[in-house]
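So this block is structure-v5.txt, compact mmCIF, C-alpha atoms:
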# COMPACT_ATOMS: atom_id res chain seq x y z
CA LYS A 1 -13.54 17.37 -8.86
CA GLU A 2 -14.27 18.06 -12.51
CA ASN A 3 -13.16 15.83 -15.32
CA TYR A 4 -9.54 16.25 -16.46
CA LYS A 5 -7.06 14.78 -18.90
CA ASP A 6 -3.77 16.37 -17.79
CA LEU A 7 -1.50 14.73 -15.21
CA LYS A 8 -2.44 15.53 -11.60
CA THR A 9 -0.81 14.47 -8.34
CA TRP A 10 -1.22 14.94 -4.60
CA ALA A 11 2.09 16.18 -3.15
CA PHE A 12 3.23 15.30 0.39
CA SER A 13 6.44 17.04 1.51
CA PHE A 14 8.20 16.18 4.79
CA ASP A 15 11.07 17.57 6.87
CA LEU A 16 13.22 14.47 7.27
CA ASP A 17 16.96 13.75 7.33
CA ASN A 18 18.72 10.75 5.78
CA GLN A 19 15.41 8.97 5.25
CA THR A 20 14.72 5.88 3.17
CA THR A 21 11.45 5.40 1.30
CA ARG A 22 9.72 2.03 1.30
CA HIS A 23 6.39 0.97 -0.16
CA GLU A 24 4.14 -2.03 -0.50
CA GLU A 25 4.46 -3.79 -3.82
CA LEU A 26 2.40 -6.85 -4.76
CA GLY A 27 3.15 -9.23 -1.91
CA SER A 28 6.34 -7.50 -0.77
CA VAL A 29 7.78 -4.31 0.71
CA LEU A 30 10.35 -2.58 -1.49
CA THR A 31 13.11 -0.08 -0.71
CA VAL A 32 13.17 2.79 -3.20
CA LYS A 33 16.87 2.72 -3.96
CA LYS A 34 18.93 1.12 -6.67
CA GLU A 35 20.44 -2.28 -5.93
CA THR A 36 23.87 -0.66 -5.88
CA ASN A 37 22.67 1.47 -2.92
CA GLY A 38 21.02 -1.35 -0.99
CA GLY A 39 17.57 -1.05 -2.55
CA HIS A 40 15.35 -3.17 -4.76
CA TYR A 41 15.45 -1.20 -8.02
CA ALA A 42 17.63 -2.50 -10.82
CA ALA A 43 20.60 -0.34 -11.76
CA THR A 44 20.38 -1.14 -15.46
CA ALA A 45 19.74 0.83 -18.62
CA ASN A 46 16.33 -0.81 -19.03
CA ALA A 47 14.94 0.19 -15.62
CA ARG A 48 12.25 2.85 -15.21
CA TYR A 49 12.27 4.95 -12.05
CA ASP A 50 9.61 7.64 -12.35
CA TRP A 51 6.61 5.84 -10.81
CA GLN A 52 6.45 3.37 -7.92
CA THR A 53 3.53 1.10 -7.08
CA PHE A 54 1.38 2.65 -4.34
CA ASN A 55 -0.64 -0.08 -2.70
CA HIS A 56 -1.57 0.14 1.00
CA PHE A 57 1.23 2.41 2.19
CA ALA A 58 4.49 4.23 1.63
CA ASP A 59 6.89 5.11 4.44
CA MET A 60 9.81 7.53 4.81
CA SER A 61 12.04 6.76 7.80
CA ASN A 62 15.54 7.01 9.19
CA ASN A 63 16.91 5.10 12.19
CA ALA A 64 15.16 7.33 14.74
CA TYR A 65 11.83 8.48 13.29
CA GLY A 66 9.63 8.54 10.22
CA ILE A 67 6.20 8.94 8.71
CA THR A 68 3.76 6.46 7.16
CA LEU A 69 1.25 7.43 4.49
CA SER A 70 -1.74 5.16 4.01
CA ASN A 71 -3.33 5.21 0.56
CA VAL A 72 -6.66 3.91 -0.72
CA ASP A 73 -7.24 5.24 -4.22
CA CYS A 74 -3.94 5.98 -5.98
CA SER A 75 -2.02 3.28 -7.85
CA PHE A 76 1.37 4.98 -8.21
CA PHE A 77 3.58 7.64 -6.66
CA LYS A 78 6.74 9.49 -7.65
CA LEU A 79 9.65 10.51 -5.45
CA GLY A 80 10.52 14.18 -5.93
CA ASN A 81 11.42 14.97 -9.53
CA SER A 82 12.26 11.40 -10.51
CA THR A 83 12.19 10.67 -14.22
CA ALA A 84 12.13 7.46 -16.22
CA ASP A 85 15.94 7.45 -16.14
CA SER A 86 16.65 9.13 -12.78
CA LEU A 87 15.56 8.02 -9.28
CA TRP A 88 15.55 10.72 -6.61
CA GLU A 89 16.25 8.33 -3.75
CA GLY A 90 16.85 11.07 -1.21
CA SER A 91 13.77 13.17 -1.95
CA THR A 92 11.41 13.94 0.94
CA GLN A 93 8.48 14.66 -1.36
CA LEU A 94 6.01 11.97 -2.39
CA ASN A 95 3.68 12.69 -5.32
CA ALA A 96 0.64 10.41 -5.39
CA LEU A 97 -0.70 9.99 -8.92
CA ALA A 98 -4.32 11.13 -9.15
CA GLY A 99 -4.48 10.39 -12.87
CA GLY A 100 -3.66 11.63 -16.33
CA GLN A 101 -1.07 11.00 -19.02
CA THR A 102 2.21 10.05 -17.31
CA ASP A 103 4.46 9.94 -20.37
CA PRO A 104 5.63 13.27 -21.81
CA TYR A 105 3.29 14.39 -24.55
CA SER A 106 6.25 14.82 -26.87
CA VAL A 107 7.09 11.09 -26.90
CA ILE A 108 3.59 9.89 -27.77
CA PRO A 109 3.34 8.68 -31.39
CA LYS A 110 1.66 11.29 -33.54
CA ASN A 111 -1.21 9.03 -34.55
CA TRP A 112 -1.93 8.27 -30.86
CA LYS A 113 -2.16 11.82 -29.59
CA ASP A 114 -5.51 12.66 -27.96
CA THR A 115 -6.91 9.20 -28.62
CA VAL A 116 -8.04 6.32 -26.44
CA MET A 117 -4.82 4.47 -27.33
CA MET A 118 -2.87 5.94 -24.42
CA GLY A 119 -4.15 5.05 -20.94
CA ILE A 120 -7.60 6.04 -19.70
CA TYR A 121 -8.31 8.90 -22.09
CA ASN A 122 -10.02 11.87 -20.44
CA GLN A 123 -10.89 9.60 -17.47
CA PHE A 124 -13.62 8.06 -19.64
CA GLY A 125 -15.69 11.16 -18.92
CA GLN A 126 -15.79 10.55 -15.16
CA THR A 127 -16.61 13.76 -13.26
CA ASP A 128 -16.32 12.79 -9.59
CA PHE A 129 -13.20 11.43 -7.87
CA LEU A 130 -12.39 10.38 -4.31
CA TYR A 131 -8.88 10.24 -2.84
CA GLN A 132 -8.33 8.97 0.70
CA PHE A 133 -5.08 9.22 2.69
CA ALA A 134 -4.05 8.95 6.33
CA LEU A 135 -0.76 9.97 7.96
CA THR A 136 0.97 8.84 11.12
CA THR A 137 4.42 9.42 12.60
CA HIS A 138 6.64 7.02 14.56
CA ALA A 139 9.58 7.73 16.84
CA GLU A 140 11.52 4.66 15.73
CA SER A 141 12.95 3.07 12.61
CA PHE A 142 10.72 1.58 9.92
CA ASP A 143 8.55 -1.34 11.02
CA ALA A 144 6.75 -3.04 8.13
CA THR A 145 4.20 -4.73 10.39
CA LYS A 146 3.19 -1.50 12.12
CA ALA A 147 2.99 0.35 8.81
CA MET A 148 0.74 -2.32 7.32
CA LYS A 149 -1.49 -2.51 10.40
CA PHE A 150 -1.88 1.27 10.38
CA SER A 151 -2.93 1.26 6.75
CA LEU A 152 -5.35 -1.62 7.28
CA GLU A 153 -6.92 0.18 10.24
CA HIS A 154 -7.42 3.23 8.05
CA GLN A 155 -8.77 1.35 5.05
CA ASN A 156 -10.97 -1.15 6.92
CA ARG A 157 -12.82 1.05 9.35
CA LEU A 158 -14.62 -0.27 12.40
CA VAL A 159 -18.39 -0.53 12.21
CA ALA A 160 -20.26 0.52 15.36
CA ALA A 161 -23.69 -0.74 16.38
CA MET A 162 -25.95 -0.69 19.41
CA ILE A 163 -25.57 -3.63 21.80
CA THR A 164 -27.62 -4.64 24.83
CA GLY A 165 -26.71 -6.33 28.09
CA ASN A 166 -27.24 -6.25 31.80
CA ALA A 167 -25.70 -3.79 34.24
CA SER A 168 -23.04 -6.29 35.31
CA ALA A 169 -21.49 -6.55 31.87
CA LYS A 170 -17.77 -5.80 32.00
CA ARG A 171 -16.24 -3.03 30.00
CA GLY A 172 -13.34 -3.71 27.71
CA ASN A 173 -14.52 -7.16 26.69
CA SER A 174 -13.08 -8.21 23.36
CA PHE A 175 -13.28 -11.11 20.97
CA SER A 176 -10.90 -12.29 18.28
CA LEU A 177 -11.53 -15.13 15.84
CA LEU A 178 -7.97 -16.35 16.25
CA SER A 179 -4.57 -15.38 17.60
CA VAL A 180 -1.16 -15.72 15.95
CA SER A 181 2.00 -16.41 17.95
CA ASN A 182 4.26 -14.39 15.62
CA PRO A 183 3.41 -10.65 15.75
CA ASN A 184 4.88 -10.12 12.27
CA VAL A 185 2.39 -12.50 10.67
CA VAL A 186 -0.73 -10.51 9.80
CA LEU A 187 -4.15 -12.04 9.21
CA TRP A 188 -4.93 -10.76 5.72
CA SER A 189 -8.35 -12.20 4.90
CA VAL A 190 -11.02 -14.61 6.13
CA LYS A 191 -13.67 -16.18 3.92
CA PRO A 192 -15.98 -19.21 3.90
CA SER A 193 -14.80 -22.36 2.22
CA GLU A 194 -15.71 -22.73 -1.46
CA ASP A 195 -17.87 -25.65 -0.34
CA GLY A 196 -19.79 -23.48 2.13
CA ILE A 197 -19.30 -22.15 5.63
CA GLY A 198 -20.25 -25.55 7.03
CA ASN A 199 -17.01 -26.93 5.59
CA GLY A 200 -14.76 -24.39 7.26
CA LEU A 201 -13.00 -21.08 6.77
CA ILE A 202 -10.15 -20.11 4.51
CA THR A 203 -7.65 -17.64 5.98
CA ARG A 204 -4.75 -15.83 4.35
CA PHE A 205 -1.74 -14.51 6.23
CA TRP A 206 1.12 -12.21 5.27
CA ASN A 207 4.48 -12.53 6.96
CA MET A 208 5.74 -8.93 7.20
CA GLY A 209 9.05 -10.04 8.75
CA LYS A 210 12.28 -10.55 6.83
CA ASP A 211 12.62 -14.25 7.75
CA ALA A 212 10.40 -17.23 7.02
CA ALA A 213 7.96 -17.90 9.85
CA LYS A 214 5.98 -20.88 11.07
CA PRO A 215 3.57 -19.42 13.65
CA SER A 216 1.10 -21.19 15.88
CA LEU A 217 -2.56 -20.33 15.29
CA LYS A 218 -5.19 -20.56 17.99
CA LEU A 219 -8.90 -20.24 17.28
CA ALA A 220 -11.28 -18.82 19.86
CA THR A 221 -13.39 -21.98 19.60
CA ASN A 222 -12.55 -25.64 19.02
CA PHE A 223 -11.71 -26.76 15.50
CA LYS A 224 -11.37 -30.13 13.85
CA SER A 225 -8.04 -29.77 12.07
CA LEU A 226 -5.50 -27.23 10.89
CA GLU A 227 -3.18 -27.94 8.00
CA ASP A 228 0.50 -27.20 8.56
CA TYR A 229 1.86 -24.28 6.55
CA THR A 230 4.98 -22.11 6.51
CA TYR A 231 4.18 -18.50 5.72
Same coordinates, now as structure tokens:
Amino acid sequence: KENYKDLKTWAFSFDLDNQTTRHEELGSVLTVKKETNGGHYAATANARYDWQTFNHFADMSNNAYGITLSNVDCSFFKLGNSTADSLWEGSTQLNALAGGQTDPYSVIPKNWKDTVMMGIYNQFGQTDFLYQFALTTHAESFDATKAMKFSLEHQNRLVAAMITGNASAKRGNSFSLLSVSNPNVVLWSVKPSEDGIGNGLITRFWNMGKDAAKPSLKLATNFKSLEDYTY
């Protein structure tokens, strides 16, 4: 794609009835409705409704079915024709922000027009862009854990390699570093200890459920100790 400075979006329009839109915010999953309608967006004069954070996924669902959109490269999305003052809660169109000036040109201070003062001016001259999405449907109500796992599977692709073995090797063999007793608690990251791999691993989990959880963790091999946490 060539360089651009005007606002550009990717539009996804769906045929859904009575759906609710949810999306991953930083460390949480938000419902795109005002608080007065059972959502997470403030119903005050100081709220801004035109752009929602677009992290791993956004989902539109009713009680019987829905669709999940996994996103890699876009930071924000807009529901329908939402504006800074108006949230289109019932819209079935999601507009992923590719880039550009999001505020109306008319409200930009005169001495800031066409300068580097507003956002990433002219994309800093960048001429190539990559946008990656994946879609899946589900014949059930919204499930935050399934939506997150789908997006992680899309964004952290499997790596295949040649393996060797004898003819008696069983098919379907699998290995997992650890298992978690609560299916709503997702293993988010694994890394060596700051003091080196010889001093252990550091793991991070995300509880996608609505209630606090205290799962049991089981490693595939023996370990010396495991600190007690509530996630």
Go through A:Ser61, A:Asn37, A:Ser75, A:Ser193 and flag the residue nearest Thr137 (chain A), using only C-alpha atoms for the distances.
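Smallest distance to Thr137 (chain A) is found for A:Ser61.
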Identify the residues around (4.4, 7.4, 9.9) within a radius of 6 Å, measuring from all atoms listed in the file in the coordinates stated by the file, and give them as a list of chain:residue names.
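All residues meeting the 6 Å criterion around (4.4, 7.4, 9.9) are A:Gly66, A:Ile67, A:Thr68, A:Thr136, A:Thr137, A:His138.
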Which residue of A:Asp85, A:Asp6, A:Asp59, A:Glu194 approaches Ala134 (chain A) most closely, using all atoms listed in the file
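Of all the options, A:Asp59 lies closest to Ala134 (chain A).
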What is the CA of Asn184 (chain A) to CA of Asp15 (chain A) distance in Å?
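Interatomic distance, CA of Asn184 (chain A) to CA of Asp15 (chain A): 28.9 Å.
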Best match for closeness to Thr83 (chain A) among A:Asn95, A:Ser141, A:Trp51, A:Gly100, counting all atoms listed in the file
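Closest to Thr83 (chain A), using all atoms listed in the file: A:Trp51.
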Once you add 6 Å to each side, what are the centre and edge lengths of the axis-aligned box holding all listed atoms of region 161-165 of chain A? One decimal in Å, as lines of an AutoDock Vina configuration file, if you can.
center_x = -25.7
center_y = -3.5
center_z = 22.2
size_x = 15.9
size_y = 17.6
size_z = 23.7
Smallest atom-to-atom distance to Leu219 (chain A): which of A:Gln93, A:Ser181, A:Asn18, A:Asn207, using all atoms listed in the file?
A:Ser181
Taking into account all atoms listed in the file, which residue in the set A:Ser13, A:Gln155, A:Asn182, A:Asn199 is nearest to Lys218 (chain A)?
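Between A:Ser13, A:Gln155, A:Asn182, A:Asn199, the residue approaching Lys218 (chain A) most closely is A:Asn182.
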Please compute the CA of Lys191 (chain A)-CA of Asn71 (chain A) distance, one decimal, in Å.
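Atom-to-atom, CA of Lys191 (chain A) and CA of Asn71 (chain A) are spaced 24.0 Å apart.
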Go ahead and compute the interatomic distance for CA of Leu217 (chain A) and CA of Arg157 (chain A), in Å to one decimal.
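Calculated distance between CA of Leu217 (chain A) and CA of Arg157 (chain A) is 24.4 Å.
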